[in-house]
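Reading through the structure tokens given below for one structure.
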Amino acid sequence: MDYRRGVVTGESVWRAIVLYGANSATYKFAFGATLLDVAASGRDHVALDELAPRYAELLCQALQRQPRQGTAPRSKFLDACRAFNAGELDRDALHRRTVQFGFNNVIDAFPQLGGDQAPVRYYEDRRKKSAAPGLVLRDELLELARSVHAQDLDAEIAARWRLVETAWATGISDAVLAPALVYDRDTECLVLQTKQRRKSVTGVVVVLNGYQDGRCAYCNRAIAQGTKTRPIVEHVLPYRLRTRHWVGPDVDAIWNLVLSCEPCNQAKGGRPPHETWMPWLEQRNNDLIESRHPLREILMAQTGATTVVRHSTLKLAYQRATELLPVVWTPRIEKGIDVWRIGG
């Protein structure tokens, strides 16, 4: 998903911030989740000492889950959270230190994309212009928190957070495929697989949904968890290729997984999509890699280190797939939708 290719909406820019924003620490995930919580109440102004409890709570929980929550060697804010977890700091002191140290960078950094201000503003900084330092929440954020996508956006934050933690904890950037994150078809989750155990990391749906802007990969209809158009994990090159003397990258891996609506999933069945649709998958995989996605090394190991190699890998995989399964399926694009994906 890239908001620059389509209509700029509150949802698409929010997803771009979560997916493409810097990951030097996990503050942005806790901050984003806290903003959605506050905005859901309809309030248009919130002081820092009102944001602090939920914001600190999320970081304290994260540190219990995974001790590493940033790339910097020290953080006064995270040290305060660790001290609270250890019983060395009471809750009131934690909240005071959160106000003092926890918001210094994240308020300015959160709405940045590639060093520039994001095209949608969600709040105005009133830390220095108010007797009660805090934020004025704009209509764009209030509407986002009331939208049908709010639950998905919250889940996507959590999923991205878990993947960043997993990447840091396991050294995926260095180890590439050992230990590997694999797709579990029964639970529809990414699973961390080691010699000792298999540990669920996060669901594939919430990992991929943001990159599709909450829409079906094939017809572009809006899909959302908990609705009739719920997203379904779909193998682009059919899973049954595994039983057809398949030679190529694992079709049960993340490069070949997308989300579709139920009608497209049923209509496609066990067929490959028409070749004119395939550039969408290529671009989606490039987007995952370019966003510094925690799975980027795995994707690159599966499909290639450069865009040229990835293009050749996907082209060859598609050619082999259609030799084994020559009957293809052509997606029917929902009327009234400007679909940039077809043809490139």
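Within each chain, counting starts at residue 1; across the structure tokens, chains are named A, B, ... in the order shown, with ligands numbered 1 upward in that order.
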Backbone-only DSSP, helix (DSSP H, G or I) members of stretch 235-340 of chain A, as a PyMOL selection string: chain A and resi 239-243+254-256+262-268+275-290+296-303+307-324
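The shell of residues at most 7 Å from stretch 52-63 of chain A, with only C-alpha atoms counted and near chain neighbours (fewer than 4 positions) removed, consists of Ala30, Phe31, Thr34, Leu48, Pro67, Arg68, Gln69, Cys81, Arg82, Asn85, His95, Thr98 and Val99 of chain A.
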Quick one: residues within 10 Å of A:Asp125, only C-alpha atoms counted, chain neighbours fewer than 3 positions away excluded, as a tab-separated table (two decimals) with N, CA, C and O atoms, in the first residue's frame?
```tsv
chain	number	residue	atom	x	y	z
A	107	ILE	N	6.04	13.03	19.53
A	107	ILE	CA	5.00	13.94	19.04
A	107	ILE	C	5.43	14.60	17.74
A	107	ILE	O	4.64	14.76	16.81
A	108	ASP	N	6.71	14.97	17.65
A	108	ASP	CA	7.22	15.58	16.42
A	108	ASP	C	7.46	14.53	15.33
A	108	ASP	O	7.23	14.80	14.14
A	128	LYS	N	3.66	24.02	24.10
A	128	LYS	CA	4.27	25.28	24.49
A	128	LYS	C	3.30	26.46	24.39
A	128	LYS	O	3.68	27.59	24.64
A	129	LYS	N	2.06	26.18	24.00
A	129	LYS	CA	1.12	27.27	23.74
A	129	LYS	C	-0.14	27.16	24.60
A	129	LYS	O	-1.16	27.73	24.27
A	130	SER	N	-0.05	26.42	25.69
A	130	SER	CA	-1.24	26.22	26.50
A	130	SER	C	-0.85	26.10	27.96
A	130	SER	O	0.24	25.64	28.30
A	133	PRO	N	-0.32	21.81	28.87
A	133	PRO	CA	0.37	21.29	27.68
A	133	PRO	C	-0.23	19.98	27.20
A	133	PRO	O	-0.52	19.08	27.98
A	134	GLY	N	-0.46	19.94	25.89
A	134	GLY	CA	-1.05	18.73	25.33
A	134	GLY	C	-1.24	18.84	23.84
A	134	GLY	O	-0.50	19.56	23.16
A	135	LEU	N	-2.26	18.15	23.33
A	135	LEU	CA	-2.53	18.10	21.90
A	135	LEU	C	-3.98	18.47	21.64
A	135	LEU	O	-4.88	18.12	22.40
A	136	VAL	N	-4.20	19.17	20.53
A	136	VAL	CA	-5.54	19.37	20.00
A	136	VAL	C	-5.75	18.33	18.92
A	136	VAL	O	-5.00	18.28	17.94
A	137	LEU	N	-6.74	17.49	19.10
A	137	LEU	CA	-7.00	16.42	18.14
A	137	LEU	C	-7.87	16.96	17.02
A	137	LEU	O	-8.95	17.50	17.25
```
Distance of atom CA of A:Pro279 from atom CA of A:Val308, expressed in Å to one decimal place: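 If I compute the distance from atom CA of A:Val308 to atom CA of A:Pro279, I get 12.9 Å.
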